file run_20.cif (mmCIF, C-alpha atoms)
data_entry
#
loop_
_atom_site.group_PDB
_atom_site.id
_atom_site.type_symbol
_atom_site.label_atom_id
_atom_site.label_comp_id
_atom_site.auth_asym_id
_atom_site.auth_seq_id
_atom_site.Cartn_x
_atom_site.Cartn_y
_atom_site.Cartn_z
ATOM 1 C CA MET A 17 73.224 142.786 88.545
ATOM 2 C CA LEU A 18 72.989 139.053 89.015
ATOM 3 C CA THR A 19 74.478 137.725 92.221
ATOM 4 C CA PRO A 20 75.809 134.171 92.579
ATOM 5 C CA LYS A 21 72.606 133.102 94.298
ATOM 6 C CA ASN A 22 70.354 134.080 91.383
ATOM 7 C CA HIS A 23 72.676 133.633 88.419
ATOM 8 C CA PRO A 24 71.250 131.288 85.757
ATOM 9 C CA ALA A 25 74.464 129.250 85.537
ATOM 10 C CA ASP A 26 74.254 128.587 89.259
ATOM 11 C CA ALA A 27 70.699 127.335 88.907
ATOM 12 C CA TYR A 28 71.762 124.934 86.140
ATOM 13 C CA ARG A 29 74.627 123.630 88.303
ATOM 14 C CA ARG A 30 72.240 122.990 91.203
ATOM 15 C CA VAL A 31 69.770 121.148 88.976
ATOM 16 C CA GLU A 32 72.549 119.026 87.488
ATOM 17 C CA VAL A 33 73.944 118.080 90.902
ATOM 18 C CA ASP A 34 70.460 117.373 92.293
ATOM 19 C CA ALA A 35 69.680 115.111 89.337
ATOM 20 C CA ARG A 36 72.917 113.155 89.796
ATOM 21 C CA VAL A 37 72.474 112.842 93.576
ATOM 22 C CA GLU A 38 69.031 111.315 93.262
ATOM 23 C CA GLY A 39 69.448 107.569 93.304
ATOM 24 C CA ALA A 40 73.243 107.563 93.733
ATOM 25 C CA ASP A 41 74.835 105.089 96.128
ATOM 26 C CA GLY A 42 77.575 105.966 98.647
ATOM 27 C CA ILE A 43 80.420 105.691 96.150
ATOM 28 C CA GLY A 44 78.422 107.641 93.586
ATOM 29 C CA LEU A 45 77.707 110.391 96.102
ATOM 30 C CA THR A 46 81.376 110.598 97.044
ATOM 31 C CA ARG A 47 82.298 110.982 93.376
ATOM 32 C CA ILE A 48 79.629 113.665 92.863
ATOM 33 C CA TYR A 49 80.793 115.655 95.885
ATOM 34 C CA LEU A 50 84.445 115.404 94.859
ATOM 35 C CA GLU A 51 83.626 116.580 91.333
ATOM 36 C CA HIS A 52 81.454 119.388 92.687
ATOM 37 C CA ALA A 53 84.180 120.579 95.074
ATOM 38 C CA LEU A 54 86.740 120.515 92.247
ATOM 39 C CA ASP A 55 84.410 122.455 89.945
ATOM 40 C CA GLU A 56 83.860 125.076 92.630
ATOM 41 C CA LEU A 57 87.598 125.389 93.310
ATOM 42 C CA ASP A 58 88.180 125.942 89.595
ATOM 43 C CA ARG A 59 85.371 128.522 89.509
ATOM 44 C CA ALA A 60 86.894 130.281 92.535
ATOM 45 C CA SER A 61 90.327 130.439 90.889
ATOM 46 C CA ARG A 62 88.902 131.900 87.701
ATOM 47 C CA ALA A 63 86.911 134.457 89.687
ATOM 48 C CA HIS A 64 89.952 135.395 91.764
ATOM 49 C CA HIS A 65 92.031 136.023 88.639
ATOM 50 C CA ARG A 66 89.208 138.186 87.227
ATOM 51 C CA GLY A 67 89.021 140.112 90.503
ATOM 52 C CA ASP A 68 85.441 138.964 91.185
ATOM 53 C CA ARG A 69 85.438 138.558 94.965
ATOM 54 C CA ILE A 70 81.699 137.819 95.190
ATOM 55 C CA VAL A 71 81.836 134.792 92.887
ATOM 56 C CA MET A 72 85.169 133.687 94.373
ATOM 57 C CA SER A 73 83.777 133.763 97.905
ATOM 58 C CA ASP A 74 80.608 131.937 96.874
ATOM 59 C CA ALA A 75 82.570 129.231 95.038
ATOM 60 C CA LEU A 76 85.002 128.733 97.932
ATOM 61 C CA THR A 77 82.123 128.498 100.405
ATOM 62 C CA ARG A 78 80.417 125.882 98.227
ATOM 63 C CA ALA A 79 83.666 123.939 97.850
ATOM 64 C CA ALA A 80 84.314 124.044 101.604
ATOM 65 C CA ASN A 81 80.777 122.883 102.360
ATOM 66 C CA GLY A 82 81.137 120.012 99.903
ATOM 67 C CA ILE A 83 84.456 118.992 101.423
ATOM 68 C CA ALA A 84 82.923 119.136 104.901
ATOM 69 C CA GLY A 85 80.162 116.841 103.645
ATOM 70 C CA LEU A 86 82.760 114.411 102.352
ATOM 71 C CA GLY A 87 84.368 114.296 105.786
ATOM 72 C CA LEU A 88 81.035 113.690 107.482
ATOM 73 C CA GLY A 89 80.224 110.946 104.998
ATOM 74 C CA VAL A 90 83.268 108.791 105.755
ATOM 75 C CA SER A 91 81.922 105.570 107.213
ATOM 76 C CA ASP A 92 83.016 104.539 110.699
ATOM 77 C CA ASP A 93 83.893 101.096 109.357
ATOM 78 C CA ASN A 94 86.148 102.490 106.603
ATOM 79 C CA PRO A 95 89.726 101.439 107.427
ATOM 80 C CA MET A 96 90.932 104.776 106.001
ATOM 81 C CA ARG A 97 88.458 106.838 108.035
ATOM 82 C CA GLU A 98 90.980 108.743 110.172
ATOM 83 C CA PRO A 99 93.338 109.772 107.343
ATOM 84 C CA LEU A 100 90.366 110.706 105.147
ATOM 85 C CA ARG A 101 88.685 112.726 107.881
ATOM 86 C CA HIS A 102 91.972 114.487 108.583
ATOM 87 C CA LEU A 103 92.536 115.247 104.895
ATOM 88 C CA TYR A 104 88.992 116.529 104.384
ATOM 89 C CA GLY A 105 89.143 118.606 107.573
ATOM 90 C CA SER A 106 92.463 120.168 106.588
ATOM 91 C CA ALA A 107 91.212 120.840 103.057
ATOM 92 C CA GLU A 108 88.028 122.455 104.354
ATOM 93 C CA THR A 109 90.016 124.700 106.716
ATOM 94 C CA ALA A 110 92.407 125.717 103.926
ATOM 95 C CA VAL A 111 89.571 126.524 101.535
ATOM 96 C CA ARG A 112 87.683 128.568 104.146
ATOM 97 C CA ALA A 113 90.879 130.527 104.929
ATOM 98 C CA SER A 114 91.178 131.345 101.225
ATOM 99 C CA ILE A 115 87.873 133.186 101.328
ATOM 100 C CA THR A 116 89.560 136.091 103.097
ATOM 101 C CA GLN A 117 93.073 135.657 101.704
ATOM 102 C CA PHE A 118 93.176 133.690 98.468
ATOM 103 C CA ARG A 119 96.300 131.617 97.908
ATOM 104 C CA ASP A 120 96.745 129.853 94.585
ATOM 105 C CA ASP A 121 99.281 127.423 96.042
ATOM 106 C CA VAL A 122 96.858 126.256 98.742
ATOM 107 C CA ILE A 123 93.929 125.853 96.360
ATOM 108 C CA THR A 124 96.169 123.988 93.900
ATOM 109 C CA ARG A 125 97.288 121.596 96.649
ATOM 110 C CA VAL A 126 93.687 120.936 97.706
ATOM 111 C CA ARG A 127 92.750 120.331 94.067
ATOM 112 C CA TYR A 128 95.555 117.785 93.667
ATOM 113 C CA ASP A 129 94.513 115.969 96.849
ATOM 114 C CA LEU A 130 90.861 115.790 95.798
ATOM 115 C CA ARG A 131 91.787 114.675 92.268
ATOM 116 C CA ASP A 132 93.967 111.917 93.732
ATOM 117 C CA ILE A 133 91.031 110.668 95.780
ATOM 118 C CA LEU A 134 88.653 110.944 92.814
ATOM 119 C CA ALA A 135 91.051 108.851 90.709
ATOM 120 C CA LEU A 136 90.456 105.958 93.124
ATOM 121 C CA PHE A 137 86.779 105.732 92.140
#
call {"tool": "encode", "arguments": {"input": "run_20.cif", "output": "structure tokens"}}
result
Amino acid sequence: MLTPKNHPADAYRRVEVDARVEGADGIGLTRIYLEHALDELDRASRAHHRGDRIVMSDALTRAANGIAGLGLGVSDDNPMREPLRHLYGSAETAVRASITQFRDDVITRVRYDLRDILALF
């Protein structure tokens, strides 16, 4: 049985993200991480509805790690730094909590928030 860590689709996703990250500027990296987190949240939702807890947990962990990276990447001179850090921190906490008790409403809210931010780029 293929696990999330050695599944071919996962390898393709990693290669695609790595290729996009190389040479991207700060705004480009933010966009990549937002898209990646959204993709992983979608993957987690699909896995949850299929009853695949392994893939769901892996996708939520990846999404939470990406969101944490977004929070760490907010520049100190960004005038929106505090609200963004708060939003990313809250989103990360909500996603991590969903690993043990998945809640569609919470994941949907996080998705909407991240999509709203992505629309600004």
call {"tool": "atom_distance", "arguments": {"input": "run_20.cif", "atom1": "CA of Ala80 (chain A)", "atom2": "CA of Val111 (chain A)"}}
result
5.8 Å
call {"tool": "resolve_selection", "arguments": {"input": "run_20.cif", "expression": "the PyMOL selection byres ((chain A and resi 50) around 10)", "output": "list in words"}}
result
Gly44, Leu45, Thr46, Arg47, Ile48, Tyr49, Glu51, His52, Ala53, Leu54, Asp55, Glu56, Ala79, Gly82, Ile83, Gly85, Leu86, Arg127, Leu130, Arg131, Ile133 and Leu134 of chain A
call {"tool": "closest_residue", "arguments": {"input": "run_20.cif", "among": "A:Asp132, A:His102, A:Val126, A:Phe137", "to": "Ser114 (chain A)", "atoms": "only C-alpha atoms"}}
result
A:Val126
call {"tool": "resolve_selection", "arguments": {"input": "run_20.cif", "expression": "the PyMOL selection byres ((chain A and resi 63) around 12)", "output": "PyMOL selection string"}}
result
chain A and resi 20+56-62+64-76+115+118+120
call {"tool": "write_last_selection", "arguments": {"input": "run_20.cif", "atoms": "C-alpha atoms", "output": "compact mmCIF listing (two decimals), in the coordinates of the input"}}
result
# COMPACT_ATOMS: atom_id res chain seq x y z
CA PRO A 20 75.81 134.17 92.58
CA GLU A 56 83.86 125.08 92.63
CA LEU A 57 87.60 125.39 93.31
CA ASP A 58 88.18 125.94 89.60
CA ARG A 59 85.37 128.52 89.51
CA ALA A 60 86.89 130.28 92.54
CA SER A 61 90.33 130.44 90.89
CA ARG A 62 88.90 131.90 87.70
CA HIS A 64 89.95 135.40 91.76
CA HIS A 65 92.03 136.02 88.64
CA ARG A 66 89.21 138.19 87.23
CA GLY A 67 89.02 140.11 90.50
CA ASP A 68 85.44 138.96 91.18
CA ARG A 69 85.44 138.56 94.96
CA ILE A 70 81.70 137.82 95.19
CA VAL A 71 81.84 134.79 92.89
CA MET A 72 85.17 133.69 94.37
CA SER A 73 83.78 133.76 97.90
CA ASP A 74 80.61 131.94 96.87
CA ALA A 75 82.57 129.23 95.04
CA LEU A 76 85.00 128.73 97.93
CA ILE A 115 87.87 133.19 101.33
CA PHE A 118 93.18 133.69 98.47
CA ASP A 120 96.74 129.85 94.58
call {"tool": "atom_distance", "arguments": {"input": "run_20.cif", "atom1": "CA of Ala110 (chain A)", "atom2": "CA of Ile123 (chain A)"}}
result
7.7 Å
call {"tool": "resolve_selection", "arguments": {"input": "run_20.cif", "expression": "the PyMOL selection byres ((chain A and resi 98-101) around 12)", "output": "ChimeraX atom specification"}}
result
/A:83-97,102-108,129-130,133
call {"tool": "decode", "arguments": {"input": "run_20.cif", "residues": "region 126-137 of chain A", "atoms": "N, CA, C and O atoms", "output": "PDB file, in the first residue's frame"}}
result
ATOM      1  N   VAL A 126     -11.426  28.685   6.923  1.00  0.00           N
ATOM      2  CA  VAL A 126      -9.994  28.912   6.655  1.00  0.00           C
ATOM      3  C   VAL A 126      -9.770  29.058   5.161  1.00  0.00           C
ATOM      4  O   VAL A 126      -9.037  29.947   4.716  1.00  0.00           O
ATOM      5  N   ARG A 127     -10.413  28.213   4.365  1.00  0.00           N
ATOM      6  CA  ARG A 127     -10.287  28.315   2.907  1.00  0.00           C
ATOM      7  C   ARG A 127     -10.723  29.694   2.409  1.00  0.00           C
ATOM      8  O   ARG A 127     -10.039  30.301   1.591  1.00  0.00           O
ATOM      9  N   TYR A 128     -11.865  30.166   2.886  1.00  0.00           N
ATOM     10  CA  TYR A 128     -12.349  31.487   2.464  1.00  0.00           C
ATOM     11  C   TYR A 128     -11.350  32.582   2.844  1.00  0.00           C
ATOM     12  O   TYR A 128     -11.074  33.479   2.040  1.00  0.00           O
ATOM     13  N   ASP A 129     -10.818  32.517   4.048  1.00  0.00           N
ATOM     14  CA  ASP A 129      -9.846  33.531   4.480  1.00  0.00           C
ATOM     15  C   ASP A 129      -8.606  33.520   3.590  1.00  0.00           C
ATOM     16  O   ASP A 129      -8.131  34.576   3.149  1.00  0.00           O
ATOM     17  N   LEU A 130      -8.078  32.324   3.324  1.00  0.00           N
ATOM     18  CA  LEU A 130      -6.873  32.234   2.492  1.00  0.00           C
ATOM     19  C   LEU A 130      -7.154  32.662   1.053  1.00  0.00           C
ATOM     20  O   LEU A 130      -6.324  33.322   0.425  1.00  0.00           O
ATOM     21  N   ARG A 131      -8.325  32.315   0.538  1.00  0.00           N
ATOM     22  CA  ARG A 131      -8.687  32.749  -0.825  1.00  0.00           C
ATOM     23  C   ARG A 131      -8.824  34.269  -0.900  1.00  0.00           C
ATOM     24  O   ARG A 131      -8.451  34.872  -1.906  1.00  0.00           O
ATOM     25  N   ASP A 132      -9.375  34.869   0.159  1.00  0.00           N
ATOM     26  CA  ASP A 132      -9.476  36.335   0.186  1.00  0.00           C
ATOM     27  C   ASP A 132      -8.098  36.980   0.132  1.00  0.00           C
ATOM     28  O   ASP A 132      -7.901  37.975  -0.571  1.00  0.00           O
ATOM     29  N   ILE A 133      -7.159  36.426   0.869  1.00  0.00           N
ATOM     30  CA  ILE A 133      -5.797  36.968   0.851  1.00  0.00           C
ATOM     31  C   ILE A 133      -5.168  36.745  -0.520  1.00  0.00           C
ATOM     32  O   ILE A 133      -4.552  37.644  -1.089  1.00  0.00           O
ATOM     33  N   LEU A 134      -5.333  35.551  -1.074  1.00  0.00           N
ATOM     34  CA  LEU A 134      -4.761  35.240  -2.384  1.00  0.00           C
ATOM     35  C   LEU A 134      -5.309  36.184  -3.455  1.00  0.00           C
ATOM     36  O   LEU A 134      -4.576  36.580  -4.370  1.00  0.00           O
ATOM     37  N   ALA A 135      -6.556  36.579  -3.341  1.00  0.00           N
ATOM     38  CA  ALA A 135      -7.168  37.469  -4.334  1.00  0.00           C
ATOM     39  C   ALA A 135      -6.487  38.845  -4.359  1.00  0.00           C
ATOM     40  O   ALA A 135      -6.596  39.572  -5.345  1.00  0.00           O
ATOM     41  N   LEU A 136      -5.767  39.192  -3.307  1.00  0.00           N
ATOM     42  CA  LEU A 136      -5.079  40.470  -3.246  1.00  0.00           C
ATOM     43  C   LEU A 136      -3.788  40.479  -4.077  1.00  0.00           C
ATOM     44  O   LEU A 136      -3.234  41.542  -4.335  1.00  0.00           O
ATOM     45  N   PHE A 137      -3.325  39.303  -4.465  1.00  0.00           N
ATOM     46  CA  PHE A 137      -2.048  39.224  -5.195  1.00  0.00           C
ATOM     47  C   PHE A 137      -2.271  39.121  -6.677  1.00  0.00           C
ATOM     48  O   PHE A 137      -2.896  38.406  -7.264  1.00  0.00           O
TER      49      PHE A 137
END
